[in-house]
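First the structure, in the form of structure tokens, and then the observations on it.
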Amino acid sequence: MAHWLLKSEPDDWSWAAQVAKGREGAEWTGIRNFSAQNHLRAMKKGEQAFFYHTGKERAIVGIVKVTAEAHPDSTDRAWQAVDVAAVKPLPTAVTLAQVKADKRLAGMALVRISRLSVQPVSDAEWRIICGLGGLR
């Protein structure tokens with residue numbers, strides 16, 4: 001099962017807003033980059049993703065799961081969206097600075113292609129980030 005990272009500007013859509021949507025979750029809309037769209041199309045129901053706050057915070061703050069696979073984005077039907085629901089917060093947010101400082105994560109898309117809003121995360125990267133965030 002694949003893992004992912006989804007970026008969001010907390011002033012537009014925060015972890016708290018995601019959690020407030022409950023078990024049904026919410027549509028992940030507004031992705032207008034072709035590479036990111038390809039990743040959305042590859043996501044399968046039940047797969048998990050890190051929820052990353054961009055902007056000033058720049059940190060992985062929680063984990064969401066895909067509740068609905070790619071479908072037309074309700075904000076622009078020419079693009080795709082997925083639905084995600086909050087699973088749990090990371091006990092300790094993992095900052096971009098921490099990720100960049102950890103040599104084991106040098107190949108991570110977050111380091112190499114930092115502006116991409118939907119990214120794949122390898123199993124090894126997932127385990128390392130979970131460990132850094134206080135999940136065992």
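Each chain of the structure tokens is named A, B, ... in the order shown, its residues numbered from 1; ligands are numbered from 1 in display order.
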
Close residues, range 109-112 of chain A itself excluded, 8 Å, only C-alpha atoms, min 2 positions apart in chain, as a PDB file with C-alpha atoms, in the first residue's frame:
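result12.pdb was written with the following content:
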ATOM      1  CA  LEU A  96      10.798  20.725   7.053  1.00  0.00           C
ATOM      2  CA  VAL A  99      13.397  16.438   7.352  1.00  0.00           C
ATOM      3  CA  LYS A 100      16.185  18.255   5.506  1.00  0.00           C
ATOM      4  CA  LEU A 105      15.461  11.545   4.046  1.00  0.00           C
ATOM      5  CA  ALA A 106      17.725  13.251   1.477  1.00  0.00           C
ATOM      6  CA  GLY A 107      15.916  11.510  -1.401  1.00  0.00           C
ATOM      7  CA  SER A 114       9.601  20.904  -2.384  1.00  0.00           C
ATOM      8  CA  ARG A 115       6.847  22.820  -4.216  1.00  0.00           C
ATOM      9  CA  LEU A 116       4.891  19.723  -5.332  1.00  0.00           C
ATOM     10  CA  GLN A 119       3.889  13.616  -3.252  1.00  0.00           C
ATOM     11  CA  PRO A 120       4.640   9.931  -2.874  1.00  0.00           C
ATOM     12  CA  VAL A 121       6.355   8.815   0.342  1.00  0.00           C
TER      13      VAL A 121
END

Discussion item. Show me, as a ChimeraX atom specification, the residues that have an atom within 6 Å of range 2-15 of chain A when counting only C-alpha atoms, minus same-chain residues fewer than 4 positions from it.
Written reply: /A:48-54,117-121

Quick check for you: according to DSSP on this backbone, which residues of range 11-130 of chain A are classed as strand (DSSP E)? Reply as a compact mmCIF listing (two decimals) with N, CA, C and O atoms, in the first residue's frame.
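Final output, result.txt:
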# COMPACT_ATOMS: atom_id res chain seq x y z
N ALA A 26 -13.19 15.12 3.85
CA ALA A 26 -13.48 16.22 2.93
C ALA A 26 -12.75 15.98 1.61
O ALA A 26 -11.75 15.27 1.55
N GLU A 27 -13.26 16.62 0.60
CA GLU A 27 -12.66 16.56 -0.72
C GLU A 27 -11.36 17.39 -0.71
O GLU A 27 -11.34 18.50 -0.20
N TRP A 28 -10.29 16.81 -1.27
CA TRP A 28 -9.01 17.50 -1.38
C TRP A 28 -8.99 18.17 -2.75
O TRP A 28 -8.68 17.54 -3.74
N GLN A 48 -2.76 5.96 3.25
CA GLN A 48 -2.59 7.07 4.17
C GLN A 48 -1.61 8.10 3.62
O GLN A 48 -0.76 7.79 2.80
N ALA A 49 -1.78 9.33 4.11
CA ALA A 49 -0.92 10.44 3.69
C ALA A 49 -0.59 11.31 4.90
O ALA A 49 -1.40 11.44 5.81
N PHE A 50 0.59 11.89 4.86
CA PHE A 50 0.92 12.91 5.84
C PHE A 50 0.20 14.19 5.47
O PHE A 50 0.07 14.52 4.29
N PHE A 51 -0.27 14.92 6.45
CA PHE A 51 -0.91 16.22 6.27
C PHE A 51 0.15 17.25 6.64
O PHE A 51 0.62 17.31 7.78
N TYR A 52 0.54 18.07 5.66
CA TYR A 52 1.65 19.01 5.80
C TYR A 52 1.15 20.44 5.74
O TYR A 52 0.46 20.82 4.79
N HIS A 53 1.48 21.23 6.76
CA HIS A 53 1.16 22.66 6.76
C HIS A 53 2.28 23.41 6.06
O HIS A 53 3.44 23.32 6.47
N ALA A 59 5.48 22.07 8.33
CA ALA A 59 5.63 20.90 9.18
C ALA A 59 4.55 19.86 8.87
O ALA A 59 3.43 20.20 8.49
N ILE A 60 4.92 18.59 9.05
CA ILE A 60 3.97 17.49 8.96
C ILE A 60 3.28 17.42 10.32
O ILE A 60 3.94 17.28 11.35
N VAL A 61 1.95 17.54 10.31
CA VAL A 61 1.22 17.66 11.58
C VAL A 61 0.26 16.52 11.86
O VAL A 61 -0.23 16.38 12.98
N GLY A 62 -0.05 15.71 10.83
CA GLY A 62 -1.02 14.64 11.05
C GLY A 62 -1.02 13.63 9.92
O GLY A 62 -0.24 13.72 8.97
N ILE A 63 -1.92 12.66 10.06
CA ILE A 63 -2.09 11.60 9.07
C ILE A 63 -3.55 11.55 8.67
O ILE A 63 -4.45 11.59 9.53
N VAL A 64 -3.78 11.47 7.36
CA VAL A 64 -5.13 11.31 6.81
C VAL A 64 -5.17 10.01 6.01
O VAL A 64 -4.12 9.46 5.65
N LYS A 65 -6.39 9.53 5.76
CA LYS A 65 -6.53 8.36 4.88
C LYS A 65 -7.45 8.72 3.72
O LYS A 65 -8.35 9.56 3.85
N VAL A 66 -7.22 8.07 2.60
CA VAL A 66 -8.03 8.28 1.41
C VAL A 66 -9.36 7.55 1.62
O VAL A 66 -9.37 6.35 1.86
N THR A 67 -10.45 8.31 1.51
CA THR A 67 -11.78 7.71 1.68
C THR A 67 -12.52 7.58 0.35
O THR A 67 -13.50 6.85 0.27
N ALA A 68 -12.07 8.32 -0.66
CA ALA A 68 -12.64 8.19 -2.01
C ALA A 68 -11.52 8.46 -3.02
O ALA A 68 -10.79 9.44 -2.89
N GLU A 69 -11.41 7.57 -3.99
CA GLU A 69 -10.38 7.71 -5.01
C GLU A 69 -10.70 8.85 -5.96
O GLU A 69 -11.76 9.48 -5.88
N ALA A 70 -9.79 9.11 -6.88
CA ALA A 70 -9.88 10.26 -7.78
C ALA A 70 -11.24 10.35 -8.46
O ALA A 70 -11.78 9.35 -8.94
N HIS A 71 -11.78 11.55 -8.46
CA HIS A 71 -13.06 11.88 -9.08
C HIS A 71 -13.00 13.34 -9.51
O HIS A 71 -12.09 14.06 -9.09
N PRO A 72 -13.93 13.82 -10.33
CA PRO A 72 -13.89 15.22 -10.73
C PRO A 72 -13.91 16.16 -9.52
O PRO A 72 -14.71 15.99 -8.60
N ASP A 73 -13.03 17.13 -9.54
CA ASP A 73 -12.91 18.14 -8.49
C ASP A 73 -14.16 19.03 -8.54
O ASP A 73 -14.50 19.58 -9.58
N ASP A 76 -13.61 22.52 -9.99
CA ASP A 76 -13.30 22.62 -11.43
C ASP A 76 -13.26 21.20 -11.97
O ASP A 76 -12.29 20.48 -11.79
N ARG A 77 -14.31 20.81 -12.65
CA ARG A 77 -14.48 19.41 -13.08
C ARG A 77 -13.47 18.97 -14.13
O ARG A 77 -13.39 17.79 -14.45
N ALA A 78 -12.65 19.87 -14.63
CA ALA A 78 -11.58 19.50 -15.56
C ALA A 78 -10.41 18.84 -14.82
O ALA A 78 -9.54 18.24 -15.45
N TRP A 79 -10.40 18.96 -13.51
CA TRP A 79 -9.33 18.41 -12.67
C TRP A 79 -9.88 17.32 -11.77
O TRP A 79 -11.08 17.15 -11.64
N GLN A 80 -8.99 16.60 -11.10
CA GLN A 80 -9.36 15.50 -10.20
C GLN A 80 -9.13 15.90 -8.75
O GLN A 80 -8.31 16.77 -8.44
N ALA A 81 -9.83 15.23 -7.85
CA ALA A 81 -9.67 15.39 -6.41
C ALA A 81 -9.83 14.01 -5.78
O ALA A 81 -10.30 13.07 -6.43
N VAL A 82 -9.42 13.87 -4.55
CA VAL A 82 -9.70 12.69 -3.74
C VAL A 82 -10.37 13.18 -2.46
O VAL A 82 -10.34 14.38 -2.18
N ASP A 83 -10.97 12.28 -1.72
CA ASP A 83 -11.51 12.62 -0.41
C ASP A 83 -10.60 12.00 0.65
O ASP A 83 -10.14 10.85 0.48
N VAL A 84 -10.35 12.76 1.73
CA VAL A 84 -9.51 12.26 2.81
C VAL A 84 -10.15 12.58 4.15
O VAL A 84 -10.88 13.56 4.29
N ALA A 85 -9.86 11.73 5.13
CA ALA A 85 -10.35 11.93 6.50
C ALA A 85 -9.16 11.85 7.46
O ALA A 85 -8.22 11.08 7.24
N ALA A 86 -9.22 12.64 8.51
CA ALA A 86 -8.16 12.64 9.52
C ALA A 86 -8.11 11.28 10.21
O ALA A 86 -9.15 10.69 10.53
N VAL A 87 -6.90 10.80 10.44
CA VAL A 87 -6.68 9.56 11.19
C VAL A 87 -6.19 9.91 12.59
O VAL A 87 -6.78 9.53 13.58
N LYS A 88 -5.07 10.65 12.65
CA LYS A 88 -4.52 11.06 13.94
C LYS A 88 -3.48 12.15 13.73
O LYS A 88 -2.83 12.21 12.69
N PRO A 89 -3.30 12.98 14.76
CA PRO A 89 -2.24 13.98 14.69
C PRO A 89 -0.90 13.32 15.02
O PRO A 89 -0.87 12.27 15.67
N LEU A 90 0.18 13.91 14.58
CA LEU A 90 1.48 13.48 15.05
C LEU A 90 1.66 14.07 16.44
O LEU A 90 1.38 15.26 16.64
N PRO A 91 2.09 13.28 17.42
CA PRO A 91 2.30 13.83 18.76
C PRO A 91 3.26 15.03 18.75
O PRO A 91 3.08 15.98 19.50
N THR A 92 4.24 14.97 17.86
CA THR A 92 5.19 16.06 17.68
C THR A 92 5.28 16.36 16.19
O THR A 92 5.62 15.47 15.40
N ALA A 93 4.98 17.60 15.81
CA ALA A 93 5.07 17.98 14.39
C ALA A 93 6.51 17.78 13.91
O ALA A 93 7.47 18.00 14.66
N VAL A 94 6.64 17.35 12.66
CA VAL A 94 7.97 17.16 12.06
C VAL A 94 8.18 18.28 11.05
O VAL A 94 7.48 18.35 10.03
N THR A 95 9.13 19.16 11.35
CA THR A 95 9.35 20.33 10.51
C THR A 95 10.15 19.99 9.25
O THR A 95 10.87 18.99 9.20
N VAL A 118 1.27 17.31 -3.90
CA VAL A 118 0.90 15.92 -3.62
C VAL A 118 2.11 15.07 -4.00
O VAL A 118 2.54 15.11 -5.15
N GLN A 119 2.63 14.34 -3.03
CA GLN A 119 3.89 13.62 -3.25
C GLN A 119 3.80 12.19 -2.75
O GLN A 119 3.16 11.93 -1.73
N PRO A 120 4.52 11.28 -3.42
CA PRO A 120 4.64 9.93 -2.87
C PRO A 120 5.65 9.92 -1.72
O PRO A 120 6.56 10.75 -1.67
N VAL A 121 5.45 9.00 -0.80
CA VAL A 121 6.35 8.81 0.34
C VAL A 121 6.68 7.33 0.39
O VAL A 121 5.77 6.49 0.40

Item to complete: Write out as an MDAnalysis selection string which residues come within 10 Å of Ala124 in chain A when counting only C-alpha atoms, dropping same-chain ones fewer than 4 positions away.
Response: chainID A and resid 104:105 108 128:130

Item to complete: Run DSSP on the backbone and give me the residues of chain A it puts in helix (DSSP H, G or I), as an MDAnalysis selection string.
Response: chainID A and resid 15:20 22:24 34:42 96:101 103:105 109:112 123:132

Worksheet item: What does the distance between CA of Ile113 in chain A and CA of Ser74 in chain A come to in Å, to one decimal place?
Response: 26.9 Å

Worksheet item: Taking only C-alpha atoms into account, which of A:Gly131, A:Ala101, A:Arg136, A:Met1 comes nearest Lys45 in chain A?
Response: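 The closest residue to Lys45 in chain A is A:Met1.
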
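Minimum distance to Arg32 in chain A across A:Gln98, A:Lys103, A:Glu125, A:Thr75 (counting only C-alpha atoms) occurs at A:Thr75.
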